[in-house]
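Taking it in order: structure first as structure tokens, then the write-up.
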Amino acid sequence: MNYWTSLRDGFIRPLSRVLLTINLLYLTACSPLEKSKQDADLPVSGMPQSVSWQIQYIGDIDTDLEVDVYNLDLFDTSSVVIEDLLQRGVFVQCYFSAGSFEDWRPDALDYPPETLGNDLEGWPGEKWLDIRRLDLLQPILEGRLDLAVKKGCDGVDPDNLDGFDNKTGFPLNADEQLAFNIFLSQAAHNRGLSIGLKNDLNQTADLVSYFDWIINEECFFYQECSLLSPFLEANKPVFVIEYELAPEEFCPQANQLGFNALHKNWDLDSYRIDCRQISLD
């Protein structure tokens, strides 16, 4: 039995159930502010800072890697694959886009037209969402979280949580983005799921207490890795993906900083170079 198997069986899942029970008991007694503070204090994942991992969304999933964590597409990955990884003691993060609409997803018809904004540049079929309209989006997003629970995911990786910093077609502000992201954190924790913050580097200090890890794309390429420091200081894992830079251009610094850094292809196939496993002499 490896570390993750013993941790899952002996700590993560029982603790999640206890935390979920306690949280539900207080739902009717706490003010919204008190509930937000309570949910911010839920350490669900129990994940150490330094882990090996793989992220793959296309092609046959290569499940033969000896890694601690897999990040897989919520919709496209079968429950059989997830269960196989869980049985081996692997921690499974399930990806979905929370801040954007994707026209190929099975729940695409559930999105009201008034929630759809500008196209995401470079991503055909994808549009930004009006995250202010939680009255319309909440049932869809909670349905996705319920699917993650049903499939057995340990945690979720909701993407596009930085709409306020992009040209979405809506006048979104920082406070509205924080409210949306905190809603996702609370909804995930209420279901016993851990949750990662995807990018949104300008709000890491405000959100670090609500999220269990962070996944960033290309902080070395854009020279903004210092913005990940709140998660390092909180002893939470930092996952970094670089696409354009060669491994020798970022891996030494990534290792020094304590990042879990990979070099990946843009389409997120099985190819990976783990910075901790290569020699740069």
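Identifiers for the structure tokens are assigned positionally: chains receive A, B, ... in sequence, residues are indexed from 1 per chain, and ligands are indexed from 1 in the order shown.
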
Per DSSP on the backbone, what are the helix (DSSP H, G or I) residues of region 8-238 of chain A, as a ChimeraX atom specification? /A:8-26,32-40,79-87,108-110,113-115,134-151,163-165,174-190,201-207,225-233

Selection: 7 Å around region 79-87 of chain A, only C-alpha atoms, excl. self and same-chain fewer than 4 positions, as a PyMOL selection string: chain A and resi 91+151-152

Could you write out that same residue set with N, CA and C atoms as an mmCIF file, in the first residue's frame?
data_model
loop_
_atom_site.group_PDB
_atom_site.id
_atom_site.type_symbol
_atom_site.label_atom_id
_atom_site.label_comp_id
_atom_site.auth_asym_id
_atom_site.auth_seq_id
_atom_site.Cartn_x
_atom_site.Cartn_y
_atom_site.Cartn_z
ATOM 1 N N PHE A 91 -4.162 10.014 -6.726
ATOM 2 C CA PHE A 91 -5.097 11.109 -6.473
ATOM 3 C C PHE A 91 -5.569 11.651 -7.818
ATOM 4 N N LYS A 151 -18.277 10.006 -10.364
ATOM 5 C CA LYS A 151 -17.186 9.301 -11.033
ATOM 6 C C LYS A 151 -16.056 8.920 -10.083
ATOM 7 N N GLY A 152 -16.063 9.470 -8.869
ATOM 8 C CA GLY A 152 -15.043 9.121 -7.897
ATOM 9 C C GLY A 152 -13.850 10.042 -7.850
#

Could you tell me how far CA of Asp103 (chain A) lies from CA of Lys127 (chain A), in Å and to one decimal?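 About the pair CA of Asp103 (chain A) and CA of Lys127 (chain A): they are 8.5 Å apart.
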
Considering only C-alpha atoms, give me a table of residues in region 68-166 of chain A that are at most 12 Å from region 269-279 of chain A, with the closest atom pair and distance in Å for each, as CSV.
residue,atom,partner,partner_atom,distance
A:Tyr70,CA,A:Ser270,CA,11.3
A:Asn71,CA,A:Ser270,CA,11.4
A:Leu72,CA,A:Asp269,CA,10.7
A:Asp73,CA,A:Asp269,CA,11.6

Please save all heavy atoms of the selected residues as a PDB file, in the first residue's frame.
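Everything below was put into result28.pdb:
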ATOM      1  N   TYR A  70      -3.078  12.329 -11.109  1.00  0.00           N
ATOM      2  CA  TYR A  70      -3.489  12.468 -12.511  1.00  0.00           C
ATOM      3  C   TYR A  70      -4.525  13.581 -12.603  1.00  0.00           C
ATOM      4  O   TYR A  70      -5.446  13.650 -11.779  1.00  0.00           O
ATOM      5  CB  TYR A  70      -4.123  11.185 -13.039  1.00  0.00           C
ATOM      6  CG  TYR A  70      -3.175  10.237 -13.732  1.00  0.00           C
ATOM      7  CD1 TYR A  70      -2.375   9.368 -12.986  1.00  0.00           C
ATOM      8  CD2 TYR A  70      -3.080  10.196 -15.118  1.00  0.00           C
ATOM      9  CE1 TYR A  70      -1.512   8.483 -13.610  1.00  0.00           C
ATOM     10  CE2 TYR A  70      -2.214   9.310 -15.755  1.00  0.00           C
ATOM     11  CZ  TYR A  70      -1.436   8.459 -14.999  1.00  0.00           C
ATOM     12  OH  TYR A  70      -0.582   7.590 -15.620  1.00  0.00           O
ATOM     13  N   ASN A  71      -4.378  14.438 -13.607  1.00  0.00           N
ATOM     14  CA  ASN A  71      -5.376  15.463 -13.913  1.00  0.00           C
ATOM     15  C   ASN A  71      -6.009  15.070 -15.246  1.00  0.00           C
ATOM     16  O   ASN A  71      -5.340  15.051 -16.284  1.00  0.00           O
ATOM     17  CB  ASN A  71      -4.706  16.840 -14.009  1.00  0.00           C
ATOM     18  CG  ASN A  71      -5.695  17.969 -14.214  1.00  0.00           C
ATOM     19  OD1 ASN A  71      -6.455  17.973 -15.175  1.00  0.00           O
ATOM     20  ND2 ASN A  71      -5.668  18.953 -13.328  1.00  0.00           N
ATOM     21  N   LEU A  72      -7.326  14.757 -15.221  1.00  0.00           N
ATOM     22  CA  LEU A  72      -8.020  14.198 -16.377  1.00  0.00           C
ATOM     23  C   LEU A  72      -9.314  14.950 -16.634  1.00  0.00           C
ATOM     24  O   LEU A  72      -9.892  15.554 -15.730  1.00  0.00           O
ATOM     25  CB  LEU A  72      -8.331  12.719 -16.127  1.00  0.00           C
ATOM     26  CG  LEU A  72      -7.134  11.818 -15.795  1.00  0.00           C
ATOM     27  CD1 LEU A  72      -7.617  10.440 -15.348  1.00  0.00           C
ATOM     28  CD2 LEU A  72      -6.194  11.702 -16.993  1.00  0.00           C
ATOM     29  N   ASP A  73      -9.786  14.890 -17.873  1.00  0.00           N
ATOM     30  CA  ASP A  73     -11.024  15.565 -18.246  1.00  0.00           C
ATOM     31  C   ASP A  73     -12.222  14.887 -17.584  1.00  0.00           C
ATOM     32  O   ASP A  73     -12.384  13.669 -17.661  1.00  0.00           O
ATOM     33  CB  ASP A  73     -11.184  15.544 -19.762  1.00  0.00           C
ATOM     34  CG  ASP A  73     -12.337  16.402 -20.232  1.00  0.00           C
ATOM     35  OD1 ASP A  73     -13.481  15.907 -20.204  1.00  0.00           O
ATOM     36  OD2 ASP A  73     -12.103  17.555 -20.623  1.00  0.00           O
TER      37      ASP A  73
END

Could you give me, as CSV, every region 44-146 of chain A residue with an atom at most 9 Å from region 230-248 of chain A, plus its closest atom pair and distance in Å to one decimal, counting only C-alpha atoms, rows ordered by chain then number?
residue,atom,partner,partner_atom,distance
A:Met47,CA,A:Pro237,CA,7.2
A:Pro48,CA,A:Pro237,CA,6.5
A:Gln49,CA,A:Pro237,CA,4.0
A:Ser50,CA,A:Pro237,CA,6.5
A:Val51,CA,A:Pro237,CA,7.8
A:Trp53,CA,A:Phe239,CA,8.7
